[in-house]
Every structure is written in structure tokens, then in C-alpha cells.
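Text of entry_22.cif (mmCIF, C-alpha atoms) as supplied:
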```cif
data_final
loop_
_atom_site.label_atom_id
_atom_site.label_comp_id
_atom_site.auth_asym_id
_atom_site.auth_seq_id
_atom_site.Cartn_x
_atom_site.Cartn_y
_atom_site.Cartn_z
CA MET A 22 -23.01 -4.08 -19.70
CA PRO A 23 -21.67 -0.50 -19.91
CA THR A 24 -18.03 0.14 -20.76
CA LYS A 25 -15.51 0.67 -17.98
CA GLU A 26 -15.52 4.42 -18.56
CA LEU A 27 -19.29 4.68 -18.46
CA ALA A 28 -19.46 2.51 -15.36
CA ALA A 29 -16.89 4.74 -13.66
CA ALA A 30 -18.68 7.94 -14.66
CA SER A 31 -22.07 6.69 -13.50
CA THR A 32 -21.00 5.32 -10.12
CA VAL A 33 -21.30 8.60 -8.20
CA PRO A 34 -24.76 9.57 -9.53
CA LEU A 35 -25.99 5.99 -9.01
CA VAL A 36 -24.77 5.92 -5.41
CA LEU A 37 -26.28 9.35 -4.72
CA SER A 38 -29.58 8.21 -6.24
CA VAL A 39 -29.75 4.96 -4.26
CA LEU A 40 -29.01 6.87 -1.07
CA THR A 41 -32.06 9.12 -1.65
CA GLU A 42 -34.03 5.98 -0.69
CA GLY A 43 -32.39 6.13 2.74
CA GLU A 44 -29.07 5.23 4.36
CA ASN A 45 -27.40 2.05 3.23
CA TYR A 46 -24.14 0.04 3.35
CA GLY A 47 -21.81 -0.95 0.53
CA TYR A 48 -22.97 -4.50 -0.12
CA ALA A 49 -26.67 -3.59 -0.18
CA LEU A 50 -25.95 -0.58 -2.41
CA ILE A 51 -24.40 -2.85 -5.01
CA GLN A 52 -27.30 -5.30 -4.77
CA ARG A 53 -29.79 -2.48 -5.28
CA VAL A 54 -28.03 -1.24 -8.42
CA ARG A 55 -27.75 -4.77 -9.79
CA GLU A 56 -31.42 -5.41 -9.13
CA LEU A 57 -32.62 -2.11 -10.68
CA SER A 58 -30.47 -2.59 -13.78
CA GLY A 59 -31.70 -6.15 -14.22
CA GLY A 60 -28.16 -7.40 -13.64
CA LYS A 61 -26.76 -5.29 -16.47
CA ILE A 62 -24.71 -3.02 -14.23
CA GLU A 63 -22.14 -5.19 -12.48
CA TRP A 64 -19.35 -3.49 -10.58
CA THR A 65 -16.11 -5.00 -9.40
CA GLU A 66 -17.57 -4.78 -5.94
CA GLY A 67 -14.48 -3.68 -4.05
CA MET A 68 -14.09 -0.69 -6.38
CA LEU A 69 -17.13 0.94 -4.84
CA TYR A 70 -15.40 1.57 -1.51
CA PRO A 71 -12.71 3.98 -2.70
CA VAL A 72 -15.48 5.92 -4.45
CA LEU A 73 -17.59 5.98 -1.27
CA HIS A 74 -14.59 7.23 0.69
CA TRP A 75 -13.94 9.92 -1.86
CA MET A 76 -17.59 11.00 -1.67
CA GLU A 77 -17.29 11.07 2.10
CA LYS A 78 -14.21 13.27 1.87
CA GLU A 79 -16.04 15.62 -0.49
CA ASP A 80 -18.87 15.87 2.08
CA LEU A 81 -21.43 14.46 -0.37
CA ILE A 82 -22.26 11.67 2.07
CA GLU A 83 -21.54 10.85 5.70
CA ALA A 84 -20.77 7.47 7.21
CA GLU A 85 -21.16 5.71 10.52
CA TRP A 86 -20.09 2.27 11.79
CA ARG A 87 -22.99 0.45 13.40
CA GLU A 88 -23.76 -3.07 14.45
CA ALA A 89 -26.29 -4.74 12.17
CA GLU A 90 -28.94 -7.21 13.28
CA THR A 91 -26.58 -10.02 12.29
CA GLY A 92 -24.07 -8.79 14.87
CA ARG A 93 -21.70 -7.76 12.08
CA LYS A 94 -20.33 -4.22 12.14
CA ARG A 95 -21.22 -2.29 9.03
CA LYS A 96 -20.46 1.14 7.70
CA TYR A 97 -23.67 2.92 6.79
CA TYR A 98 -23.67 5.81 4.34
CA ARG A 99 -26.15 8.66 4.37
CA LEU A 100 -26.76 11.50 1.90
CA ARG A 101 -25.75 15.02 2.94
CA LYS A 102 -27.11 18.34 1.76
CA GLU A 103 -24.12 18.79 -0.57
CA GLY A 104 -24.84 15.35 -1.97
CA ARG A 105 -28.43 16.26 -2.79
CA LYS A 106 -27.23 19.38 -4.57
CA ALA A 107 -24.62 17.40 -6.50
CA LEU A 108 -27.28 14.88 -7.49
CA GLN A 109 -29.46 17.67 -8.93
CA VAL A 110 -26.57 18.79 -11.14
CA GLU A 111 -25.76 15.19 -12.15
CA LYS A 112 -29.39 14.56 -12.99
CA GLN A 113 -29.53 17.60 -15.25
CA ASN A 114 -26.35 16.55 -17.07
CA TRP A 115 -27.39 12.93 -17.59
CA LEU A 116 -30.86 13.96 -18.75
CA THR A 117 -29.36 16.42 -21.22
CA VAL A 118 -27.19 13.70 -22.74
CA HIS A 119 -30.06 11.25 -22.71
CA GLU A 120 -32.55 13.64 -24.37
CA THR A 121 -30.06 14.66 -27.01
CA MET A 122 -29.33 11.08 -27.95
CA GLU A 123 -32.98 10.22 -27.97
CA LYS A 124 -33.77 13.05 -30.39
CA LEU A 125 -30.97 11.97 -32.69
CA TRP A 126 -32.00 8.36 -32.63
CA LYS A 127 -35.59 9.23 -33.39
CA HIS A 128 -34.52 10.88 -36.66
CA GLN A 129 -32.16 8.05 -37.56
CA PRO A 130 -33.70 4.85 -36.38
CA ARG A 131 -31.13 2.73 -38.15
CA LEU A 132 -27.73 2.86 -36.54
CA THR A 133 -25.81 0.90 -39.14
CA MET B 18 -4.85 -41.25 -1.24
CA GLU B 19 -4.74 -37.68 -0.13
CA THR B 20 -7.64 -36.48 1.92
CA PRO B 21 -8.57 -32.89 1.19
CA THR B 22 -8.19 -30.57 4.16
CA PRO B 23 -11.57 -29.25 5.29
CA PHE B 24 -12.22 -25.68 4.23
CA ASP B 25 -12.01 -23.16 7.06
CA LEU B 26 -13.89 -20.01 6.05
CA ASN B 27 -12.48 -17.81 8.79
CA ARG B 28 -8.95 -18.82 7.97
CA ALA B 29 -9.53 -18.28 4.26
CA ILE B 30 -10.93 -14.82 4.95
CA GLN B 31 -8.00 -13.96 7.22
CA HIS B 32 -5.58 -15.10 4.53
CA TRP B 33 -7.42 -13.03 1.91
CA ARG B 34 -7.35 -10.02 4.23
CA ASP B 35 -3.62 -10.40 4.84
CA GLY B 36 -3.12 -10.45 1.08
CA LEU B 37 -4.99 -7.19 0.63
CA ALA B 38 -3.08 -5.63 3.53
CA GLN B 39 0.08 -5.98 1.43
CA SER B 40 -1.04 -2.95 -0.52
CA PRO B 41 -0.06 0.23 1.32
CA ALA B 42 -3.16 1.93 -0.05
CA ILE B 43 -5.63 -0.43 1.68
CA ARG B 44 -5.63 0.17 5.39
CA GLY B 45 -7.34 -0.74 8.68
CA GLU B 46 -10.83 0.62 8.18
CA ASN B 47 -10.85 -0.25 4.44
CA LEU B 48 -9.97 -3.85 5.30
CA ASP B 49 -12.74 -4.04 7.91
CA GLU B 50 -15.27 -2.76 5.43
CA LEU B 51 -14.13 -5.11 2.66
CA GLU B 52 -14.23 -8.05 5.06
CA THR B 53 -17.80 -7.25 6.14
CA HIS B 54 -18.71 -7.02 2.47
CA LEU B 55 -17.11 -10.38 1.72
CA ARG B 56 -18.87 -12.04 4.65
CA ASP B 57 -22.23 -10.59 3.54
CA SER B 58 -21.61 -11.83 0.04
CA VAL B 59 -20.57 -15.32 1.23
CA SER B 60 -23.68 -15.60 3.46
CA VAL B 61 -25.99 -14.77 0.57
CA LEU B 62 -24.23 -17.17 -1.80
CA GLN B 63 -24.43 -19.96 0.78
CA THR B 64 -28.20 -19.65 0.85
CA ARG B 65 -28.08 -20.49 -2.88
CA ASP B 66 -26.79 -24.01 -2.30
CA LEU B 67 -23.12 -23.15 -2.74
CA SER B 68 -20.62 -24.66 -0.33
CA ALA B 69 -18.59 -22.39 1.94
CA GLU B 70 -15.56 -22.79 -0.30
CA GLU B 71 -17.46 -22.10 -3.52
CA SER B 72 -19.16 -19.08 -1.95
CA PHE B 73 -15.81 -17.77 -0.81
CA LEU B 74 -14.30 -18.16 -4.29
CA VAL B 75 -17.20 -16.42 -6.03
CA ALA B 76 -17.34 -13.65 -3.42
CA THR B 77 -13.60 -12.88 -3.60
CA LYS B 78 -13.75 -12.80 -7.38
CA ARG B 79 -16.61 -10.31 -7.27
CA VAL B 80 -14.81 -8.06 -4.78
CA GLY B 81 -11.78 -7.89 -7.07
CA GLY B 82 -8.09 -8.67 -6.77
CA GLY B 83 -5.55 -6.97 -4.55
CA ALA B 84 -3.73 -5.31 -7.44
CA THR B 85 -6.84 -3.66 -8.93
CA LEU B 86 -8.23 -2.67 -5.57
CA GLY B 87 -4.85 -1.38 -4.43
CA LYS B 88 -4.71 0.85 -7.49
CA GLU B 89 -8.21 2.23 -6.92
CA PHE B 90 -7.67 2.81 -3.21
CA GLY B 91 -4.32 4.31 -4.11
CA LYS B 92 -6.04 7.08 -6.05
CA MET B 93 -7.76 8.05 -2.80
CA ASN B 94 -4.80 7.46 -0.49
CA ALA B 95 -1.93 8.67 -2.67
CA ALA B 96 -0.18 10.27 0.30
CA ASN B 97 -0.04 6.88 2.09
CA ILE B 98 1.78 5.33 -0.80
CA TRP B 99 4.39 8.08 -0.91
CA VAL B 100 4.99 7.89 2.82
CA GLU B 101 5.54 4.15 2.42
CA ARG B 102 7.86 4.53 -0.58
CA CYS B 103 9.95 7.29 0.98
CA LEU B 104 10.27 5.35 4.21
CA TRP B 105 11.52 2.26 2.39
CA ALA B 106 13.89 4.33 0.27
CA LEU B 107 15.36 5.91 3.39
CA ILE B 108 15.69 2.57 5.16
CA ALA B 109 17.44 1.11 2.12
CA MET B 110 19.77 4.10 1.92
CA GLN B 111 20.73 3.73 5.55
CA ILE B 112 21.36 0.01 5.24
CA TRP B 113 23.40 0.62 2.11
CA SER B 114 25.47 3.38 3.66
CA ALA B 115 26.28 1.29 6.75
CA LEU B 116 27.16 -1.78 4.67
CA GLN B 117 29.29 0.34 2.41
CA GLU B 118 31.44 1.64 5.22
CA ILE B 119 31.79 -1.73 6.88
CA PHE B 120 32.72 -3.53 3.66
CA PHE B 121 35.04 -0.83 2.55
CA SER B 122 36.82 -0.71 5.88
CA VAL B 123 37.18 -4.46 6.18
CA SER B 124 38.51 -4.75 2.65
CA HIS B 125 41.01 -2.05 3.38
CA VAL B 126 42.22 -3.55 6.63
CA LEU B 127 42.60 -6.90 4.91
CA GLN B 128 44.78 -5.07 2.39
CA ILE B 129 42.66 -6.00 -0.57
CA GLY B 130 41.55 -2.46 -1.25
CA SER B 131 42.77 1.02 -0.60
CA VAL B 132 41.16 4.23 0.53
CA ASN B 133 44.02 6.27 -0.83
CA MET B 134 42.49 7.64 -3.98
CA ALA B 135 45.17 10.30 -4.35
CA SER B 136 46.88 8.07 -6.84
CA THR B 137 45.75 8.93 -10.33
CA SER B 138 46.51 5.58 -11.86
CA PHE B 139 43.63 3.24 -12.51
CA GLY B 140 44.54 0.01 -10.85
CA TRP B 141 43.55 -2.58 -8.33
CA ALA B 142 42.81 0.08 -5.69
CA THR B 143 40.25 1.77 -7.90
CA ILE B 144 38.63 -1.51 -8.86
CA SER B 145 38.42 -2.69 -5.27
CA TYR B 146 36.98 0.68 -4.29
CA ILE B 147 34.21 0.22 -6.82
CA VAL B 148 33.63 -3.43 -5.92
CA PHE B 149 33.75 -3.17 -2.12
CA GLY B 150 32.60 0.38 -1.69
CA THR B 151 29.68 0.29 -4.12
CA ALA B 152 28.82 -2.91 -5.93
CA ILE B 153 28.76 -5.43 -3.07
CA PRO B 154 26.92 -3.25 -0.53
CA MET B 155 24.43 -2.19 -3.18
CA ALA B 156 23.77 -5.77 -4.25
CA LEU B 157 23.39 -6.84 -0.62
CA THR B 158 20.97 -4.01 0.15
CA ALA B 159 18.93 -4.84 -2.92
CA LEU B 160 18.91 -8.49 -1.85
CA ILE B 161 17.72 -7.65 1.66
CA ILE B 162 14.95 -5.32 0.46
CA TRP B 163 13.91 -7.76 -2.27
CA ARG B 164 13.68 -10.58 0.27
CA LEU B 165 11.58 -8.41 2.56
CA PHE B 166 9.09 -7.69 -0.20
CA LYS B 167 9.14 -11.22 -1.55
CA SER B 168 8.57 -12.98 1.74
CA PRO B 169 7.24 -10.63 4.38
CA GLU B 170 6.47 -13.65 6.55
CA SER B 171 10.16 -14.53 6.84
CA LYS B 172 11.92 -13.91 10.16
CA LEU B 173 13.63 -10.80 8.85
CA GLY B 174 10.37 -9.53 7.37
CA GLN B 175 8.45 -10.05 10.59
CA PHE B 176 11.21 -8.42 12.58
CA LEU B 177 11.23 -5.34 10.36
CA GLU B 178 7.44 -5.15 10.21
CA LYS B 179 7.32 -5.19 14.00
CA LEU B 180 10.14 -2.69 14.17
CA SER B 181 8.34 -0.38 11.75
CA THR B 182 5.50 -0.05 14.25
CA GLN B 183 8.00 1.42 16.72
CA PRO B 184 9.37 4.49 14.92
CA ALA B 185 11.85 5.38 17.66
CA ALA B 186 13.31 1.86 17.74
CA LEU B 187 13.50 1.71 13.94
CA ALA B 188 15.23 5.09 13.62
CA GLY B 189 17.47 4.26 16.60
CA LEU B 190 18.59 0.91 15.24
CA LEU B 191 19.40 2.31 11.81
CA PHE B 192 21.29 5.15 13.46
CA VAL B 193 23.34 2.75 15.57
CA LEU B 194 24.01 0.63 12.47
CA ASN B 195 25.26 3.70 10.65
CA ALA B 196 27.28 4.97 13.56
CA GLY B 197 28.85 1.51 13.64
CA GLY B 198 29.71 1.87 9.97
CA HIS B 199 31.28 5.27 10.57
CA LEU B 200 33.22 3.86 13.49
CA CYS B 201 34.58 1.11 11.24
CA TYR B 202 35.60 3.76 8.77
CA ALA B 203 37.28 5.86 11.46
CA PHE B 204 39.25 2.83 12.67
CA MET B 205 40.11 1.87 9.13
CA LEU B 206 41.72 5.24 8.51
CA ASN B 207 44.02 4.18 11.33
CA TYR B 208 45.51 1.74 8.87
CA SER B 209 45.67 4.00 5.88
CA SER B 210 48.99 5.43 4.84
CA TYR B 211 48.38 9.06 5.57
CA MET B 212 46.63 8.65 8.93
CA TYR B 213 48.81 5.92 10.24
CA GLY B 214 48.45 5.12 13.94
CA ARG B 215 45.49 7.38 14.60
CA VAL B 216 41.80 6.65 14.85
CA SER B 217 40.15 9.39 12.89
CA TRP B 218 37.51 10.71 15.26
CA ALA B 219 37.13 13.65 12.94
CA ALA B 220 35.93 11.28 10.20
CA PHE B 221 33.50 9.75 12.69
CA THR B 222 31.99 13.03 13.88
CA TYR B 223 31.91 14.36 10.34
CA PHE B 224 29.29 11.78 9.38
CA LEU B 225 27.18 11.96 12.52
CA PRO B 226 25.01 15.00 11.72
CA GLY B 227 23.94 13.44 8.43
CA SER B 228 23.03 10.17 10.12
CA LEU B 229 21.07 12.07 12.74
CA VAL B 230 19.08 13.88 10.06
CA TYR B 231 18.30 10.55 8.33
CA ALA B 232 17.29 8.95 11.63
CA GLY B 233 14.98 11.90 12.30
CA LEU B 234 13.39 11.62 8.87
CA ILE B 235 12.88 7.88 9.27
CA PHE B 236 11.32 8.46 12.69
CA LEU B 237 8.91 11.07 11.32
CA LEU B 238 7.89 9.00 8.29
CA ALA B 239 7.43 5.80 10.29
CA ARG B 240 5.26 7.70 12.76
CA LYS B 241 3.21 9.24 9.98
CA ARG B 242 2.74 5.80 8.44
CA LEU B 243 1.67 4.42 11.80
CA LEU B 244 -0.94 7.16 12.27
CA ARG B 245 -2.40 6.35 8.86
CA LEU B 246 -2.44 2.62 9.53
CA ALA B 247 -4.59 3.07 12.62
#
```

In C-alpha cells, how does this file's structure come out?
Amino acid sequence: MPTKELAAASTVPLVLSVLTEGENYGYALIQRVRELSGGKIEWTEGMLYPVLHWMEKEDLIEAEWREAETGRKRKYYRLRKEGRKALQVEKQNWLTVHETMEKLWKHQPRLT
Amino acid sequence: METPTPFDLNRAIQHWRDGLAQSPAIRGENLDELETHLRDSVSVLQTRDLSAEESFLVATKRVGGGATLGKEFGKMNAANIWVERCLWALIAMQIWSALQEIFFSVSHVLQIGSVNMASTSFGWATISYIVFGTAIPMALTALIIWRLFKSPESKLGQFLEKLSTQPAALAGLLFVLNAGGHLCYAFMLNYSSYMYGRVSWAAFTYFLPGSLVYAGLIFLLARKRLLRLA
């Protein structure tokens, strides 16, 4: 379970990444992240929505209310061009951090 | 023996939604989206052999409480919160100002206080001025506003909530209340030593422009709030 800060920092890149698989709605987005992380990434679910709205305002994603097969109205989110660009930058940054840590940990296998 | 009341999912969800709506940062569309989320979550949990009530409890816990969510939504809708705060501050100020004039006037007419502050001695007149002109109206205003926040479902709360969706009526009523206060004050001067026998229309008209400006501000803010609520 990542710390609160890490969870907050990784929300945007995670959402952008899940949306590259196609449009999706809030509840399913959370399920997808939970499933991929093997249940290790658990968000306070409601917290995702302010982030989604912020991303919408920043033109990273676009949203549309549609009726689902259950008859329930859902807000579907889709990636925009700006979102894809932002994801590229995010990816670079996260990989840089990841690679750096990996190199360090290879030299010092014991972290005590 | 008490029989437990059967759990009504729709009612529980409505109640939960009303609770979230208390936060000025969570509005219309946000509530719809959160409700859809909760219903999705409840449906999935129910397929895992949980009762409706258990599913509801787990689902609401996962979504998060009103205070945390309000804070997060607030970061996105900061302007909403300030509109709400300013509107309430203005409403409170108008109530206070009207109460102040009414109390002060009544106390003066009943000869328990005096408006004549020309006297430099600190005596009963000064004390009554502080008590009737400031302390009592302020305490009453605080009481009214506190009650509104504490129990929005009370008659007064419902009345004001309904009124707040009609900016013109809200601004109008507060203006009339204030004009009434000024009128009291003007009539009170009638009784004061240096204006004896005359209703001070000058005192009345002197206050009107200010009240008009406040009414205008309240109207604008209430309308802005309404547009955001939609």
C-alpha cells in the first residue's frame, strides 16, 4: 500500500494509462487499478472524482454522460490528445525515478 | 421486543446524498456521479452474498466521508466555497444590522437606554448602548446562523434554503428587514432629547443607499451560487 503522497502523485498517470485502453467510467477505472495492482493500490474511491474533474478542466480528458446497459446514467471519460502528451511526459519521469532506484538497489541489495 | 425496521436502500442512498450535499464544494453533477458509483459498488457487493445494508455500509466507507470528500472537491471548486461563505457573511451582517437597530430603538423608547452619546460620562447609557446595540443583536444573529447550520431541516432552515434559490426574494426580504430597522431608528430619534417631536427621515434615507448596495451584493452572490448549483 503506497503512502498517501505517492498515491496522490500516481493517480493522474494511472488514470491516463488506464484510459489508453479505451473510454471508461469512475467505478470501473478504480476496479481496473485495483485488479492490476493485485489489490495493493486502494483509493478512497470518492477522491478520484475531483481528480477526474481537474483533468477534464485541464483538457487531458473529455467526459460524456451516457446511459449504460443497466439503465443507469454514467459519466464516461476519454483520453484527449493533450492527455496522451501528458502521459508521455509522466512515463518518462516515472521511468527515470524507477531506473535510478533500481540501479542503486542493485549495488546495495541490503537496505538495512 | 423491538422489531428492526427493514432496510430501504433507496432511502439510505438519498440520506447519504443529502449528507454530502451539505458540503458547498460537492454539487449537482458531482452528487449524481458519486451516487452512480455507490450504486455500482453496492450491486457488485450484493453479488458477493452481502445483504443490501451490508453492501451499502461497505460501499459508503469505500467512497469516503463527506468531510474528506468535501475537502478534495473543495480544491477543485474553491470559488464555490467563497461564494457560499461571502453570501452567508452578508446575510448575517444584514440580519445583525436590522436586529441592532430594532433592539436599540426599542430599548431607547422604553427608556432603558439612550442614543445620546454626547455625554462623556460612562454610565448606564453607555452600558445599555453596548448591551442593546451590540451584544444582544450579535448573540441573536449568531444563534440564528448557528441554528441554520446545525439543523438545516428545521422550519427556519428550510425556509431560508428555499429563499436562497430565489435571489431576488432573498435580497428583497433582507432589504425590507433592514429598511424596517432604519425606520425604527428614525422613529426612535423622535423620542430622543435633541430631535424631540420629529421623525428623522434624514436618518432613514441616510442608511438606504448602504442597504441597497448590500441587497444588490446578496442578489448577485445568491444568483452566482444558484448558477453553480445547477

Counting all atoms listed in the file, what is within 6 Å of range 64-81 of chain A, bar same-chain residues fewer than 4 positions away, as an MDAnalysis selection string?
-> (chainID A and resid 101 103:104) or (chainID B and resid 79:81 90)

With all atoms listed in the file as the basis for distance, which of B:Tyr202, B:Phe149, B:Phe73, B:Phe224 is at the shortest distance from Gln31 in chain B?
->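 With all atoms listed in the file as the atom set, the closest residue is B:Phe73.
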
Might you spell out which residues the PyMOL selection byres ((chain B) within 12 of (chain A)) would select in the displayed file, as a PyMOL selection string?
-> chain B and resi 37+42-44+46-61+75-95

So that I have them on file, write out the residues from the current selection with C-alpha atoms, as a compact mmCIF listing (two decimals), in the coordinates of the input.
```
# COMPACT_ATOMS: atom_id res chain seq x y z
CA LEU B 37 -4.99 -7.19 0.63
CA ALA B 42 -3.16 1.93 -0.05
CA ILE B 43 -5.63 -0.43 1.68
CA ARG B 44 -5.63 0.17 5.39
CA GLU B 46 -10.83 0.62 8.18
CA ASN B 47 -10.85 -0.25 4.44
CA LEU B 48 -9.97 -3.85 5.30
CA ASP B 49 -12.74 -4.04 7.91
CA GLU B 50 -15.27 -2.76 5.43
CA LEU B 51 -14.13 -5.11 2.66
CA GLU B 52 -14.23 -8.05 5.06
CA THR B 53 -17.80 -7.25 6.14
CA HIS B 54 -18.71 -7.02 2.47
CA LEU B 55 -17.11 -10.38 1.72
CA ARG B 56 -18.87 -12.04 4.65
CA ASP B 57 -22.23 -10.59 3.54
CA SER B 58 -21.61 -11.83 0.04
CA VAL B 59 -20.57 -15.32 1.23
CA SER B 60 -23.68 -15.60 3.46
CA VAL B 61 -25.99 -14.77 0.57
CA VAL B 75 -17.20 -16.42 -6.03
CA ALA B 76 -17.34 -13.65 -3.42
CA THR B 77 -13.60 -12.88 -3.60
CA LYS B 78 -13.75 -12.80 -7.38
CA ARG B 79 -16.61 -10.31 -7.27
CA VAL B 80 -14.81 -8.06 -4.78
CA GLY B 81 -11.78 -7.89 -7.07
CA GLY B 82 -8.09 -8.67 -6.77
CA GLY B 83 -5.55 -6.97 -4.55
CA ALA B 84 -3.73 -5.31 -7.44
CA THR B 85 -6.84 -3.66 -8.93
CA LEU B 86 -8.23 -2.67 -5.57
CA GLY B 87 -4.85 -1.38 -4.43
CA LYS B 88 -4.71 0.85 -7.49
CA GLU B 89 -8.21 2.23 -6.92
CA PHE B 90 -7.67 2.81 -3.21
CA GLY B 91 -4.32 4.31 -4.11
CA LYS B 92 -6.04 7.08 -6.05
CA MET B 93 -7.76 8.05 -2.80
CA ASN B 94 -4.80 7.46 -0.49
CA ALA B 95 -1.93 8.67 -2.67
```

Could you tell me how far CA of Ile147 in chain B lies from CA of Ala203 in chain B, in Å and to one decimal?
->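 For CA of Ile147 in chain B relative to CA of Ala203 in chain B, the distance reads 19.4 Å.
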
I need the residue set behind the PyMOL selection byres ((chain B and resi 110) around 12) for this file; please write it as a ChimeraX atom specification.
-> /B:103-109,111-117,154-155,157-159,161-162,191-192,194-195,228,231-232,235

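Nearest residue to Gly60 in chain A among A:Tyr97, A:Lys106, A:Thr32, A:Pro23 is A:Pro23, counting only C-alpha atoms.
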
Edge lengths and centre in Å, axis-aligned, range 64-73 of chain A plus 4 Å each side, as lines of an AutoDock Vina configuration file:
```
center_x = -16.0
center_y = 0.5
center_z = -5.9
size_x = 14.6
size_y = 19.0
size_z = 17.3
```

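Taking CA of Leu173 in chain B as the reference point, CA of Ala188 in chain B is found at 16.7 Å.
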
Between CA of Lys172 in chain B and CA of Arg242 in chain B, what is the distance, to one decimal in Å?
->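 Rounded to one decimal, the two atoms are 21.8 Å apart.
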
Taking only C-alpha atoms into account, which of A:Glu111, A:Glu56, A:Glu90, A:Glu85 comes nearest Ser31 in chain A?
->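 Looking at the shortest contact to Ser31 in chain A, the residue is A:Glu111.
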
Excluding Leu225 in chain B and any residue of its chain fewer than 5 positions from it, enumerate the residues within 9 Å of it, using all atoms listed in the file, and give them as a count of residues only.
-> 4

So which residues touch Ile62 in chain A within 12 Å, counting all atoms listed in the file, skipping near sequence neighbours fewer than 5 positions away, as a PDB file with C-alpha atoms, in the coordinates of the input?
```
ATOM      1  CA  MET A  22     -23.010  -4.080 -19.700  1.00  0.00           C
ATOM      2  CA  PRO A  23     -21.670  -0.500 -19.910  1.00  0.00           C
ATOM      3  CA  THR A  24     -18.030   0.140 -20.760  1.00  0.00           C
ATOM      4  CA  LYS A  25     -15.510   0.670 -17.980  1.00  0.00           C
ATOM      5  CA  LEU A  27     -19.290   4.680 -18.460  1.00  0.00           C
ATOM      6  CA  ALA A  28     -19.460   2.510 -15.360  1.00  0.00           C
ATOM      7  CA  ALA A  29     -16.890   4.740 -13.660  1.00  0.00           C
ATOM      8  CA  SER A  31     -22.070   6.690 -13.500  1.00  0.00           C
ATOM      9  CA  THR A  32     -21.000   5.320 -10.120  1.00  0.00           C
ATOM     10  CA  LEU A  35     -25.990   5.990  -9.010  1.00  0.00           C
ATOM     11  CA  ILE A  51     -24.400  -2.850  -5.010  1.00  0.00           C
ATOM     12  CA  GLN A  52     -27.300  -5.300  -4.770  1.00  0.00           C
ATOM     13  CA  ARG A  53     -29.790  -2.480  -5.280  1.00  0.00           C
ATOM     14  CA  VAL A  54     -28.030  -1.240  -8.420  1.00  0.00           C
ATOM     15  CA  ARG A  55     -27.750  -4.770  -9.790  1.00  0.00           C
ATOM     16  CA  GLU A  56     -31.420  -5.410  -9.130  1.00  0.00           C
ATOM     17  CA  LEU A  57     -32.620  -2.110 -10.680  1.00  0.00           C
TER      18      LEU A  57
END
```

Matched chain/residue IDs from the PyMOL selection byres ((chain B and resi 23-29) around 8), as a PyMOL selection string | chain B and resi 21-22+30-33+69-70+73
